[in-house]
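**Q** What follows is a structure written as structure tokens; I'll ask about it next.
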Amino acid sequence: MSRIARQYLETSFFHVMVQGINKEYIFKCERYINRYLQLIQKNINPKTLDIIAFCIMNNHAHLLIQIQDIKELSRFMQKVNSIYAKYYNYMENDRVGYVFRDRYKSEPILNKSQLIPCVKYIHHNPVKANMVSKESDYKYSSYNLYVQKTNIIKKSVFTKEDLELICNQEISYQEEFIDVENDIETVINSAIKEFIIQEDIKVFEIFQKDDILKKLIKYLKTIKNIKYTQIMKSLDITKGTMDRLKK
């Protein structure tokens, strides 16, 4: 994406997300993740651009970027992603073709009430995808840099109280930010596996018995906090069926 509505051009902060083409695991091992992080660090111009938070997942990455000039965001992302794409294609036995889905997605963070939840959202991605049980267990995000109060992450935009909120894993964020479909699919698939084990049933029984399907939907909604629309898409059921089973 990179056309940004004119009314957002005054903001200094952007939440950016890049994703692998066809949901490909373009950050599937530590070597690839470290290379992407190195490119980010190498191409930062501290006078015009800074990374406030990051999280590198298997098939996508989240960055919270502070900029002085909107043009710098596009230049930075284009340079980092183009160099990484060449590296990735070379490492994957001279793979050819696109590496990233689109250029990147971005959304403006317009005020501080959005800024702190956005940092927490970015750090929470591995937990939401059931990769780790808590943010501090994940190596490839900026969460532990905040905990350690390292200078790698620019803290001047936050007060001491802000940092305490960011590092408090008990306090959840309330707003929704840029997401990727694969995150939700991972969460739902993992939850379904848990449900099958918990109920001691076979997969086919879910779709053969309405009472089991109804119980699964309730489990996904009430226990895992998954939206009905996402459940419908994942289970491939119609709105009419969902409305009937919700009763």
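Here, A, B, ... name the chains of the structure tokens in the order displayed, residue numbers run from 1 inside each chain, and ligands are numbered from 1 in the same displayed order.
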Give me the residues near range 68-72 of chain A as a ChimeraX atom specification, where near means some atom within 8 Å (using only C-alpha atoms) and where sequence neighbours in that chain fewer than 2 positions away do not count.

**A** /A:9,12,47-49,66,74-76

**Q** Which residues of range 36-111 of chain A come within 9 Å of range 15-28 of chain A, and for each one, what is the closest pair of atoms and their distance in Å to one decimal, counting only C-alpha atoms, sorted by chain and residue number, as a Markdown table?

**A**
```
| residue | atom | partner | partner_atom | distance |
| --- | --- | --- | --- | --- |
| A:Tyr36 | CA | A:Phe27 | CA | 8.3 |
| A:Ile56 | CA | A:Phe27 | CA | 7.4 |
| A:Met57 | CA | A:Phe27 | CA | 6.7 |
| A:Asn58 | CA | A:Phe27 | CA | 4.7 |
| A:Asn59 | CA | A:Tyr25 | CA | 4.1 |
| A:His60 | CA | A:Gln19 | CA | 4.1 |
| A:Ala61 | CA | A:Val18 | CA | 5.4 |
| A:His62 | CA | A:Met17 | CA | 4.6 |
| A:Leu63 | CA | A:Val16 | CA | 5.1 |
| A:Leu64 | CA | A:His15 | CA | 4.5 |
| A:Ile65 | CA | A:His15 | CA | 6.4 |
| A:Asn81 | CA | A:Val18 | CA | 8.8 |
| A:Tyr88 | CA | A:Ile26 | CA | 7.4 |
| A:Tyr98 | CA | A:Ile21 | CA | 6.7 |
| A:Val99 | CA | A:Ile21 | CA | 5.5 |
| A:Phe100 | CA | A:Gly20 | CA | 4.4 |
| A:Arg101 | CA | A:Ile21 | CA | 4.1 |
| A:Asp102 | CA | A:Ile21 | CA | 7.8 |
| A:Arg103 | CA | A:Val18 | CA | 7.3 |
| A:Tyr104 | CA | A:Val18 | CA | 4.9 |
| A:Lys105 | CA | A:Met17 | CA | 5.2 |
| A:Ser106 | CA | A:Val16 | CA | 4.3 |
| A:Glu107 | CA | A:His15 | CA | 5.3 |
| A:Pro108 | CA | A:His15 | CA | 6.3 |
| A:Ile109 | CA | A:His15 | CA | 6.8 |
```

**Q** With only C-alpha atoms as the basis for distance, which of A:His123, A:Lys134, A:Lys112, A:Lys128 is at the shortest distance from Phe13 in chain A?

**A**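 Smallest separation from Phe13 in chain A among the options: A:Lys112.
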
**Q** Step one, run DSSP on the backbone; step two, keep only residues of range 7-213 of chain A assigned to strand (DSSP E or B); then write them as an MDAnalysis selection string.

**A** chainID A and resid 13:20 49:56 60:67 100 105:109 141

**Q** Identify, on the basis of only C-alpha atoms, every residue whose closest approach to Lys227 in chain A does not exceed 10 Å; exclude the query and any residue fewer than 5 positions from it along the same chain; express the result as JSON, numbers by chain.

**A** {"A": [184, 217, 220, 221, 222, 232]}

**Q** What gap, in Å, lies between CA of Glu135 in chain A and CA of Ser234 in chain A?

**A** 26.0 Å

**Q** With only C-alpha atoms as the basis for distance, which of A:Pro126, A:Asp162, A:Glu176, A:Ile116 is at the shortest distance from Lys139 in chain A?

**A**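 The answer is A:Pro126, which sits nearest to Lys139 in chain A.
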
**Q** State, in Å with one decimal place, the distance from CA of Ile51 in chain A to CA of Met91 in chain A.

**A**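 Straight-line distance from CA of Ile51 in chain A to CA of Met91 in chain A works out to 26.4 Å.
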
**Q** Neighbours of Ser136 in chain A within 9 Å (only C-alpha atoms; same-chain residues fewer than 3 positions away dropped), as an mmCIF file with N, CA and C atoms, in the first residue's frame?

**A**
```cif
data_model
loop_
_atom_site.group_PDB
_atom_site.id
_atom_site.type_symbol
_atom_site.label_atom_id
_atom_site.label_comp_id
_atom_site.auth_asym_id
_atom_site.auth_seq_id
_atom_site.Cartn_x
_atom_site.Cartn_y
_atom_site.Cartn_z
ATOM 1 N N HIS A 123 3.812 -6.605 20.083
ATOM 2 C CA HIS A 123 4.509 -7.566 20.947
ATOM 3 C C HIS A 123 3.666 -8.812 21.241
ATOM 4 N N VAL A 132 4.193 -18.771 21.648
ATOM 5 C CA VAL A 132 4.756 -18.700 22.999
ATOM 6 C C VAL A 132 3.615 -18.408 23.965
ATOM 7 N N SER A 133 3.886 -18.586 25.246
ATOM 8 C CA SER A 133 2.840 -18.324 26.239
ATOM 9 C C SER A 133 2.858 -16.885 26.738
ATOM 10 N N LYS A 139 11.871 -14.338 20.939
ATOM 11 C CA LYS A 139 13.173 -13.719 20.710
ATOM 12 C C LYS A 139 13.153 -12.592 19.686
ATOM 13 N N SER A 141 11.126 -10.017 18.790
ATOM 14 C CA SER A 141 10.349 -8.789 18.905
ATOM 15 C C SER A 141 11.130 -7.825 19.787
ATOM 16 N N TYR A 143 10.021 -6.573 22.522
ATOM 17 C CA TYR A 143 9.484 -6.584 23.884
ATOM 18 C C TYR A 143 10.598 -6.583 24.939
ATOM 19 N N ASN A 144 11.550 -7.502 24.825
ATOM 20 C CA ASN A 144 12.592 -7.603 25.840
ATOM 21 C C ASN A 144 13.559 -6.420 25.802
ATOM 22 N N VAL A 147 11.879 -4.143 28.144
ATOM 23 C CA VAL A 147 12.070 -4.604 29.529
ATOM 24 C C VAL A 147 13.471 -4.261 30.021
ATOM 25 N N GLN A 169 2.468 -7.464 30.986
ATOM 26 C CA GLN A 169 1.784 -8.444 30.150
ATOM 27 C C GLN A 169 0.364 -8.730 30.627
#
```

**Q** Report the distance between CA of Met131 in chain A and CA of Lys193 in chain A in Å, rounded to one decimal place.

**A**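 CA of Met131 in chain A sits 14.6 Å away from CA of Lys193 in chain A.
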
**Q** From the options A:Ile44, A:Gly240, A:Ile196, A:Gln114, which residue's atoms come nearest to Ile212 in chain A, counting only C-alpha atoms?

**A**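 Going through A:Ile44, A:Gly240, A:Ile196, A:Gln114 one by one, the smallest distance to Ile212 in chain A is for A:Ile196.
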